[in-house]
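Student: Sharing a structure here in structure tokens format.
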Amino acid sequence: MTNINYQFEGLETVIDFIRWGGSLFTRANLFFGHGTDNAFDDARVLVFHALHLPQEVPESYWQARLSQPEKQQVTELFKHRIETRKPSAYITGEAWFAGMRFIVNESTLVPRSPIAELIAKQFHNWVDVEKVTRVLDLCTGSGCIGIASLQTLPCAEVDLADISSAALEVAQKNIDMYGLNEVAHAIQSDLFNNLDGKKYDLILSNPPYVDQIEMDHLPEEFQQEPSLGLAAGQDGLDIVRRILAEASEHLTEDGVLIVEVGVSQYYLEQAYPELPFYWFEFEHGGEGIFAIHKSELDVFQDILNERVKP
């Protein structure tokens, strides 16, 4: 790693430190992709966290001068980010998704799914948001997708299911933070295994979908996320195959399944050329999210069962 000089003489204002942090991060060849996509924004996250500032502040705040202890604290955060290559969200213990703040730690992925855009656009009319009463967020991690979906589904309750008890502890903290215990429920389950008899109008999932080649070449920042939430076999479809085979049994008659598979979209289309996946397009970046109706899954149920890996 390039030698980094952490001396901050001459730096005074919020914008001074953000600009400096961006330069440090660029020089250190950090990787971005956990809520930010560039060095400047990543530095802003850490500066604002140190100064207890909200995400958006008046323009005048950028010229506010830091006290000596604040300067030292910001510098320590920059140093920690560079020397550990830990995503800034893990350093601050929080991330933003669909306009909401979520608690995160190393037991959960950092929220970044394009499903946030689907929530904002009421799922592009794939469901009647006024009639959805039961939602499942499968492989929930921090609970961000399921909890955020309640913003646009006013009559719904949501189950947040994950195999990881450590991740569910984080999800429960987010449920508690928003006072949602009556409508959001954390459930430990290996996919649908502990959901016997439950049926949902909408199943949302951002499951593990990273193939082996990509896992072997992940940047250090991504290697600090739980592999349980990323790795999904040689082609990245081990978990998605199970979801496709088992989802229909847990969908209501008009139910819809929406799943993120990212760059594994290509492999999925090759593996299931018969299935009528609908692929969403996104204005703000992102790819590889499909929707499919229960009725369509039912038509191909025999094929879906056959293609699940043992």
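Lettering and numbering for the structure tokens are positional, with chains as A, B, ... in the shown order, residues counted from 1 in each chain, and ligands counted from 1 in the shown order.
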What's around Thr140 in chain A at 7 Å? Count only C-alpha atoms, leave out sequence neighbours fewer than 5 positions away in its own chain, and write the answer as a PyMOL selection string.
Tutor: chain A and resi 160-162
Student: Only N, CA and C atoms, please: the residues just picked out, written as a PDB file, in the first residue's frame.
Tutor:
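Saved as again_27.pdb:
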```pdb
ATOM      1  N   LEU A 160     -39.417 -11.648   8.151  1.00  0.00           N
ATOM      2  CA  LEU A 160     -38.013 -11.474   7.769  1.00  0.00           C
ATOM      3  C   LEU A 160     -37.303 -12.777   8.083  1.00  0.00           C
ATOM      4  N   ALA A 161     -36.993 -13.566   7.061  1.00  0.00           N
ATOM      5  CA  ALA A 161     -36.441 -14.909   7.258  1.00  0.00           C
ATOM      6  C   ALA A 161     -34.992 -14.983   6.822  1.00  0.00           C
ATOM      7  N   ASP A 162     -34.186 -15.632   7.652  1.00  0.00           N
ATOM      8  CA  ASP A 162     -32.769 -15.816   7.324  1.00  0.00           C
ATOM      9  C   ASP A 162     -32.259 -17.047   8.065  1.00  0.00           C
TER      10      ASP A 162
END
```
Student: I need the residues in range 128-254 of chain A that are strand (DSSP E) according to DSSP; give them as a list of chain:residue names.
Tutor: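 Output for range 128-254 of chain A, strand (DSSP E) only: A:Arg134, A:Val135, A:Leu136, A:Asp137, A:Leu138, A:Glu157, A:Val158, A:Asp159, A:Leu160, A:Ala161, A:Asp162, A:Ala184, A:His185, A:Ala186, A:Ile187, A:Gln188, A:Tyr200, A:Asp201, A:Leu202, A:Ile203, A:Leu204, A:Ser205, A:Leu251, A:Thr252, A:Glu253, A:Asp254.
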Student: Would you mind reading off the distance between CA of Ala116 in chain A and CA of Phe300 in chain A, one decimal, in Å?
Tutor: 28.9 Å
Student: Any idea what the distance is between CA of Asp201 in chain A and CA of Asn174 in chain A?
Tutor: 23.0 Å
Student: Which of these residues is nearest to Val183 in chain A, using only C-alpha atoms: A:Val261, A:Val170, A:Leu150, A:Leu51?
Tutor: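 Closest to Val183 in chain A of all the choices is A:Leu150.
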Student: Tell me, in Å to one decimal, how far CA of His284 in chain A is from CA of Pro111 in chain A.
Tutor: 15.1 Å
Student: As a ChimeraX atom specification, please: all residues of range 92-231 of chain A that backbone DSSP puts in helix (DSSP H, G or I).
Tutor: /A:92,115-120,122-125,144-149,165-177,212-216,220-223,227-229
Student: Counting only C-alpha atoms, which residues of range 234-293 of chain A sit at most 9 Å from some atom of range 210-219 of chain A, and what is each one's closest atom pair with its distance in Å to one decimal, listed by chain and rising residue number, as CSV?
Tutor:
```
residue,atom,partner,partner_atom,distance
A:Gln234,CA,A:Gln212,CA,4.9
A:Asp235,CA,A:Asp211,CA,4.7
A:Gly236,CA,A:Asp211,CA,3.9
A:Leu237,CA,A:Asp211,CA,7.6
A:Val261,CA,A:Val210,CA,8.3
A:Gly262,CA,A:Val210,CA,8.3
A:Val263,CA,A:Val210,CA,8.0
A:Ser264,CA,A:Val210,CA,7.2
```
Student: Since we have the selection now, will you write its residues out, keeping N, CA and C atoms, as a PDB file, in the first residue's frame?
Tutor:
```
ATOM      1  N   GLN A 234     -21.066 -22.916  -8.024  1.00  0.00           N
ATOM      2  CA  GLN A 234     -20.266 -22.696  -9.233  1.00  0.00           C
ATOM      3  C   GLN A 234     -20.859 -21.640 -10.150  1.00  0.00           C
ATOM      4  N   ASP A 235     -22.186 -21.665 -10.328  1.00  0.00           N
ATOM      5  CA  ASP A 235     -22.816 -20.704 -11.237  1.00  0.00           C
ATOM      6  C   ASP A 235     -23.636 -19.637 -10.510  1.00  0.00           C
ATOM      7  N   GLY A 236     -23.578 -19.635  -9.180  1.00  0.00           N
ATOM      8  CA  GLY A 236     -24.296 -18.628  -8.417  1.00  0.00           C
ATOM      9  C   GLY A 236     -25.782 -18.880  -8.258  1.00  0.00           C
ATOM     10  N   LEU A 237     -26.240 -20.086  -8.603  1.00  0.00           N
ATOM     11  CA  LEU A 237     -27.681 -20.351  -8.613  1.00  0.00           C
ATOM     12  C   LEU A 237     -28.130 -21.394  -7.597  1.00  0.00           C
ATOM     13  N   VAL A 261     -30.805 -11.576  -8.728  1.00  0.00           N
ATOM     14  CA  VAL A 261     -29.724 -12.517  -9.047  1.00  0.00           C
ATOM     15  C   VAL A 261     -28.507 -11.808  -9.637  1.00  0.00           C
ATOM     16  N   GLY A 262     -28.576 -10.494  -9.783  1.00  0.00           N
ATOM     17  CA  GLY A 262     -27.424  -9.721 -10.230  1.00  0.00           C
ATOM     18  C   GLY A 262     -26.847 -10.226 -11.539  1.00  0.00           C
ATOM     19  N   VAL A 263     -25.515 -10.335 -11.559  1.00  0.00           N
ATOM     20  CA  VAL A 263     -24.833 -10.752 -12.782  1.00  0.00           C
ATOM     21  C   VAL A 263     -25.064 -12.218 -13.113  1.00  0.00           C
ATOM     22  N   SER A 264     -25.683 -12.967 -12.209  1.00  0.00           N
ATOM     23  CA  SER A 264     -26.026 -14.360 -12.509  1.00  0.00           C
ATOM     24  C   SER A 264     -27.277 -14.471 -13.372  1.00  0.00           C
TER      25      SER A 264
END
```
Student: So which residues touch range 84-95 of chain A within 8 Å, counting only C-alpha atoms, skipping near sequence neighbours fewer than 5 positions away, as a PDB file with all heavy atoms, in the first residue's frame?
Tutor:
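Result went into part-v1.pdb, see below:
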```pdb
ATOM      1  N   LEU A  30      -8.842   2.218  -2.616  1.00  0.00           N
ATOM      2  CA  LEU A  30      -9.970   1.566  -1.972  1.00  0.00           C
ATOM      3  C   LEU A  30     -11.027   1.219  -3.013  1.00  0.00           C
ATOM      4  O   LEU A  30     -11.081   1.808  -4.096  1.00  0.00           O
ATOM      5  CB  LEU A  30     -10.572   2.467  -0.897  1.00  0.00           C
ATOM      6  CG  LEU A  30      -9.658   2.856   0.270  1.00  0.00           C
ATOM      7  CD1 LEU A  30     -10.449   3.606   1.327  1.00  0.00           C
ATOM      8  CD2 LEU A  30      -8.992   1.633   0.887  1.00  0.00           C
ATOM      9  N   PHE A  32     -15.188   0.832  -3.773  1.00  0.00           N
ATOM     10  CA  PHE A  32     -16.457   1.375  -3.297  1.00  0.00           C
ATOM     11  C   PHE A  32     -17.607   0.584  -3.904  1.00  0.00           C
ATOM     12  O   PHE A  32     -17.520   0.075  -5.007  1.00  0.00           O
ATOM     13  CB  PHE A  32     -16.564   2.860  -3.659  1.00  0.00           C
ATOM     14  CG  PHE A  32     -15.338   3.630  -3.265  1.00  0.00           C
ATOM     15  CD1 PHE A  32     -14.383   3.969  -4.215  1.00  0.00           C
ATOM     16  CD2 PHE A  32     -15.107   3.953  -1.942  1.00  0.00           C
ATOM     17  CE1 PHE A  32     -13.228   4.640  -3.847  1.00  0.00           C
ATOM     18  CE2 PHE A  32     -13.943   4.624  -1.564  1.00  0.00           C
ATOM     19  CZ  PHE A  32     -13.005   4.964  -2.528  1.00  0.00           C
ATOM     20  N   HIS A  34     -20.563  -0.081  -1.387  1.00  0.00           N
ATOM     21  CA  HIS A  34     -21.384  -0.391  -0.218  1.00  0.00           C
ATOM     22  C   HIS A  34     -22.153   0.854   0.213  1.00  0.00           C
ATOM     23  O   HIS A  34     -21.971   1.381   1.301  1.00  0.00           O
ATOM     24  CB  HIS A  34     -20.513  -0.906   0.928  1.00  0.00           C
ATOM     25  CG  HIS A  34     -19.861  -2.218   0.638  1.00  0.00           C
ATOM     26  ND1 HIS A  34     -18.609  -2.314   0.075  1.00  0.00           N
ATOM     27  CD2 HIS A  34     -20.302  -3.490   0.814  1.00  0.00           C
ATOM     28  CE1 HIS A  34     -18.291  -3.595  -0.067  1.00  0.00           C
ATOM     29  NE2 HIS A  34     -19.306  -4.328   0.365  1.00  0.00           N
ATOM     30  N   GLY A  35     -22.987   1.331  -0.684  1.00  0.00           N
ATOM     31  CA  GLY A  35     -23.757   2.538  -0.404  1.00  0.00           C
ATOM     32  C   GLY A  35     -23.167   3.778  -1.045  1.00  0.00           C
ATOM     33  O   GLY A  35     -23.845   4.799  -1.157  1.00  0.00           O
ATOM     34  N   ASP A  42     -17.686   8.422  -0.070  1.00  0.00           N
ATOM     35  CA  ASP A  42     -17.306   7.545   1.024  1.00  0.00           C
ATOM     36  C   ASP A  42     -16.707   8.348   2.177  1.00  0.00           C
ATOM     37  O   ASP A  42     -16.999   8.096   3.348  1.00  0.00           O
ATOM     38  CB  ASP A  42     -16.303   6.502   0.532  1.00  0.00           C
ATOM     39  CG  ASP A  42     -16.454   5.166   1.256  1.00  0.00           C
ATOM     40  OD1 ASP A  42     -17.522   4.541   1.134  1.00  0.00           O
ATOM     41  OD2 ASP A  42     -15.496   4.752   1.938  1.00  0.00           O
ATOM     42  N   VAL A  45     -19.439  10.139   4.141  1.00  0.00           N
ATOM     43  CA  VAL A  45     -20.138   9.284   5.101  1.00  0.00           C
ATOM     44  C   VAL A  45     -19.410   9.284   6.439  1.00  0.00           C
ATOM     45  O   VAL A  45     -20.024   9.421   7.509  1.00  0.00           O
ATOM     46  CB  VAL A  45     -20.239   7.840   4.554  1.00  0.00           C
ATOM     47  CG1 VAL A  45     -20.654   6.869   5.659  1.00  0.00           C
ATOM     48  CG2 VAL A  45     -21.232   7.781   3.398  1.00  0.00           C
ATOM     49  N   LEU A  46     -18.091   9.156   6.409  1.00  0.00           N
ATOM     50  CA  LEU A  46     -17.317   9.075   7.644  1.00  0.00           C
ATOM     51  C   LEU A  46     -17.235  10.423   8.352  1.00  0.00           C
ATOM     52  O   LEU A  46     -17.309  10.499   9.584  1.00  0.00           O
ATOM     53  CB  LEU A  46     -15.924   8.533   7.357  1.00  0.00           C
ATOM     54  CG  LEU A  46     -15.887   7.076   6.867  1.00  0.00           C
ATOM     55  CD1 LEU A  46     -14.457   6.643   6.564  1.00  0.00           C
ATOM     56  CD2 LEU A  46     -16.516   6.132   7.894  1.00  0.00           C
ATOM     57  N   HIS A  49     -20.604  11.111   9.916  1.00  0.00           N
ATOM     58  CA  HIS A  49     -20.802  10.241  11.073  1.00  0.00           C
ATOM     59  C   HIS A  49     -20.048  10.791  12.282  1.00  0.00           C
ATOM     60  O   HIS A  49     -20.601  10.853  13.388  1.00  0.00           O
ATOM     61  CB  HIS A  49     -20.313   8.831  10.753  1.00  0.00           C
ATOM     62  CG  HIS A  49     -20.370   7.897  11.917  1.00  0.00           C
ATOM     63  ND1 HIS A  49     -21.550   7.379  12.398  1.00  0.00           N
ATOM     64  CD2 HIS A  49     -19.384   7.400  12.720  1.00  0.00           C
ATOM     65  CE1 HIS A  49     -21.287   6.592  13.439  1.00  0.00           C
ATOM     66  NE2 HIS A  49     -19.994   6.590  13.658  1.00  0.00           N
ATOM     67  N   LEU A  77     -10.967   7.724  11.669  1.00  0.00           N
ATOM     68  CA  LEU A  77     -11.898   6.972  10.843  1.00  0.00           C
ATOM     69  C   LEU A  77     -11.322   6.732   9.447  1.00  0.00           C
ATOM     70  O   LEU A  77     -11.427   5.630   8.890  1.00  0.00           O
ATOM     71  CB  LEU A  77     -13.233   7.708  10.728  1.00  0.00           C
ATOM     72  CG  LEU A  77     -14.093   7.762  11.992  1.00  0.00           C
ATOM     73  CD1 LEU A  77     -15.351   8.600  11.739  1.00  0.00           C
ATOM     74  CD2 LEU A  77     -14.499   6.360  12.441  1.00  0.00           C
ATOM     75  N   ARG A 101     -32.769   4.591   7.514  1.00  0.00           N
ATOM     76  CA  ARG A 101     -31.516   4.208   8.169  1.00  0.00           C
ATOM     77  C   ARG A 101     -31.653   2.804   8.747  1.00  0.00           C
ATOM     78  O   ARG A 101     -32.665   2.466   9.363  1.00  0.00           O
ATOM     79  CB  ARG A 101     -31.185   5.197   9.296  1.00  0.00           C
ATOM     80  CG  ARG A 101     -29.980   4.796  10.128  1.00  0.00           C
ATOM     81  CD  ARG A 101     -29.746   5.779  11.271  1.00  0.00           C
ATOM     82  NE  ARG A 101     -28.713   5.299  12.173  1.00  0.00           N
ATOM     83  CZ  ARG A 101     -28.936   4.572  13.267  1.00  0.00           C
ATOM     84  NH1 ARG A 101     -30.185   4.242  13.589  1.00  0.00           N
ATOM     85  NH2 ARG A 101     -27.951   4.174  14.039  1.00  0.00           N
ATOM     86  N   PHE A 102     -30.610   1.990   8.542  1.00  0.00           N
ATOM     87  CA  PHE A 102     -30.607   0.630   9.091  1.00  0.00           C
ATOM     88  C   PHE A 102     -29.303   0.359   9.832  1.00  0.00           C
ATOM     89  O   PHE A 102     -28.230   0.778   9.399  1.00  0.00           O
ATOM     90  CB  PHE A 102     -30.783  -0.405   7.976  1.00  0.00           C
ATOM     91  CG  PHE A 102     -32.165  -0.436   7.410  1.00  0.00           C
ATOM     92  CD1 PHE A 102     -32.488   0.324   6.288  1.00  0.00           C
ATOM     93  CD2 PHE A 102     -33.165  -1.180   8.013  1.00  0.00           C
ATOM     94  CE1 PHE A 102     -33.772   0.326   5.777  1.00  0.00           C
ATOM     95  CE2 PHE A 102     -34.460  -1.184   7.515  1.00  0.00           C
ATOM     96  CZ  PHE A 102     -34.765  -0.432   6.391  1.00  0.00           C
ATOM     97  N   ILE A 103     -29.435  -0.344  10.943  1.00  0.00           N
ATOM     98  CA  ILE A 103     -28.274  -0.847  11.670  1.00  0.00           C
ATOM     99  C   ILE A 103     -27.689  -2.010  10.876  1.00  0.00           C
ATOM    100  O   ILE A 103     -28.422  -2.872  10.393  1.00  0.00           O
ATOM    101  CB  ILE A 103     -28.682  -1.316  13.078  1.00  0.00           C
ATOM    102  CG1 ILE A 103     -29.234  -0.143  13.892  1.00  0.00           C
ATOM    103  CG2 ILE A 103     -27.508  -1.982  13.804  1.00  0.00           C
ATOM    104  CD1 ILE A 103     -29.980  -0.569  15.150  1.00  0.00           C
ATOM    105  N   VAL A 104     -26.367  -2.036  10.727  1.00  0.00           N
ATOM    106  CA  VAL A 104     -25.697  -3.148  10.051  1.00  0.00           C
ATOM    107  C   VAL A 104     -24.424  -3.501  10.819  1.00  0.00           C
ATOM    108  O   VAL A 104     -23.886  -2.684  11.568  1.00  0.00           O
ATOM    109  CB  VAL A 104     -25.328  -2.819   8.585  1.00  0.00           C
ATOM    110  CG1 VAL A 104     -26.576  -2.586   7.743  1.00  0.00           C
ATOM    111  CG2 VAL A 104     -24.398  -1.604   8.508  1.00  0.00           C
ATOM    112  N   ASN A 105     -23.970  -4.713  10.616  1.00  0.00           N
ATOM    113  CA  ASN A 105     -22.636  -5.107  11.094  1.00  0.00           C
ATOM    114  C   ASN A 105     -22.117  -6.232  10.207  1.00  0.00           C
ATOM    115  O   ASN A 105     -22.746  -6.562   9.192  1.00  0.00           O
ATOM    116  CB  ASN A 105     -22.657  -5.502  12.582  1.00  0.00           C
ATOM    117  CG  ASN A 105     -23.505  -6.727  12.876  1.00  0.00           C
ATOM    118  OD1 ASN A 105     -23.746  -7.572  12.016  1.00  0.00           O
ATOM    119  ND2 ASN A 105     -23.971  -6.838  14.114  1.00  0.00           N
ATOM    120  N   GLU A 106     -20.995  -6.826  10.600  1.00  0.00           N
ATOM    121  CA  GLU A 106     -20.339  -7.814   9.754  1.00  0.00           C
ATOM    122  C   GLU A 106     -21.130  -9.111   9.616  1.00  0.00           C
ATOM    123  O   GLU A 106     -20.733 -10.007   8.870  1.00  0.00           O
ATOM    124  CB  GLU A 106     -18.930  -8.106  10.267  1.00  0.00           C
ATOM    125  CG  GLU A 106     -17.920  -6.998  10.012  1.00  0.00           C
ATOM    126  CD  GLU A 106     -17.918  -5.925  11.097  1.00  0.00           C
ATOM    127  OE1 GLU A 106     -18.909  -5.842  11.854  1.00  0.00           O
ATOM    128  OE2 GLU A 106     -16.928  -5.171  11.180  1.00  0.00           O
ATOM    129  N   VAL A 110     -24.095  -5.226   3.449  1.00  0.00           N
ATOM    130  CA  VAL A 110     -24.427  -3.801   3.460  1.00  0.00           C
ATOM    131  C   VAL A 110     -25.557  -3.575   2.446  1.00  0.00           C
ATOM    132  O   VAL A 110     -25.431  -3.949   1.280  1.00  0.00           O
ATOM    133  CB  VAL A 110     -23.204  -2.949   3.088  1.00  0.00           C
ATOM    134  CG1 VAL A 110     -23.588  -1.472   3.019  1.00  0.00           C
ATOM    135  CG2 VAL A 110     -22.082  -3.158   4.093  1.00  0.00           C
ATOM    136  N   PRO A 111     -26.680  -2.983   2.851  1.00  0.00           N
ATOM    137  CA  PRO A 111     -27.814  -2.787   1.931  1.00  0.00           C
ATOM    138  C   PRO A 111     -27.420  -1.975   0.706  1.00  0.00           C
ATOM    139  O   PRO A 111     -26.816  -0.910   0.821  1.00  0.00           O
ATOM    140  CB  PRO A 111     -28.820  -2.012   2.793  1.00  0.00           C
ATOM    141  CG  PRO A 111     -28.469  -2.361   4.204  1.00  0.00           C
ATOM    142  CD  PRO A 111     -26.976  -2.512   4.213  1.00  0.00           C
ATOM    143  N   GLU A 220     -11.190  -6.639  -1.437  1.00  0.00           N
ATOM    144  CA  GLU A 220     -11.086  -6.868   0.008  1.00  0.00           C
ATOM    145  C   GLU A 220     -12.327  -6.391   0.761  1.00  0.00           C
ATOM    146  O   GLU A 220     -12.745  -7.015   1.738  1.00  0.00           O
ATOM    147  CB  GLU A 220      -9.843  -6.165   0.573  1.00  0.00           C
ATOM    148  CG  GLU A 220      -8.539  -6.868   0.258  1.00  0.00           C
ATOM    149  CD  GLU A 220      -7.373  -6.207   0.968  1.00  0.00           C
ATOM    150  OE1 GLU A 220      -7.430  -6.096   2.208  1.00  0.00           O
ATOM    151  OE2 GLU A 220      -6.431  -5.785   0.277  1.00  0.00           O
ATOM    152  N   GLU A 221     -12.897  -5.285   0.320  1.00  0.00           N
ATOM    153  CA  GLU A 221     -14.081  -4.766   1.016  1.00  0.00           C
ATOM    154  C   GLU A 221     -15.212  -5.793   1.009  1.00  0.00           C
ATOM    155  O   GLU A 221     -15.893  -5.999   2.012  1.00  0.00           O
ATOM    156  CB  GLU A 221     -14.554  -3.461   0.359  1.00  0.00           C
ATOM    157  CG  GLU A 221     -13.764  -2.230   0.754  1.00  0.00           C
ATOM    158  CD  GLU A 221     -12.485  -2.032  -0.056  1.00  0.00           C
ATOM    159  OE1 GLU A 221     -12.115  -2.946  -0.825  1.00  0.00           O
ATOM    160  OE2 GLU A 221     -11.850  -0.974   0.083  1.00  0.00           O
ATOM    161  N   PHE A 222     -15.427  -6.447  -0.125  1.00  0.00           N
ATOM    162  CA  PHE A 222     -16.503  -7.435  -0.217  1.00  0.00           C
ATOM    163  C   PHE A 222     -16.153  -8.711   0.533  1.00  0.00           C
ATOM    164  O   PHE A 222     -17.047  -9.424   1.002  1.00  0.00           O
ATOM    165  CB  PHE A 222     -16.813  -7.742  -1.680  1.00  0.00           C
ATOM    166  CG  PHE A 222     -17.592  -6.659  -2.366  1.00  0.00           C
ATOM    167  CD1 PHE A 222     -16.941  -5.664  -3.070  1.00  0.00           C
ATOM    168  CD2 PHE A 222     -18.975  -6.617  -2.285  1.00  0.00           C
ATOM    169  CE1 PHE A 222     -17.650  -4.651  -3.697  1.00  0.00           C
ATOM    170  CE2 PHE A 222     -19.696  -5.616  -2.898  1.00  0.00           C
ATOM    171  CZ  PHE A 222     -19.033  -4.628  -3.611  1.00  0.00           C
ATOM    172  N   GLN A 224     -15.043  -8.851   3.358  1.00  0.00           N
ATOM    173  CA  GLN A 224     -15.358  -8.656   4.768  1.00  0.00           C
ATOM    174  C   GLN A 224     -16.845  -8.833   5.060  1.00  0.00           C
ATOM    175  O   GLN A 224     -17.257  -8.853   6.217  1.00  0.00           O
ATOM    176  CB  GLN A 224     -14.871  -7.273   5.212  1.00  0.00           C
ATOM    177  CG  GLN A 224     -13.370  -7.122   4.986  1.00  0.00           C
ATOM    178  CD  GLN A 224     -12.743  -6.081   5.873  1.00  0.00           C
ATOM    179  OE1 GLN A 224     -13.124  -5.919   7.034  1.00  0.00           O
ATOM    180  NE2 GLN A 224     -11.766  -5.373   5.355  1.00  0.00           N
TER     181      GLN A 224
END
```
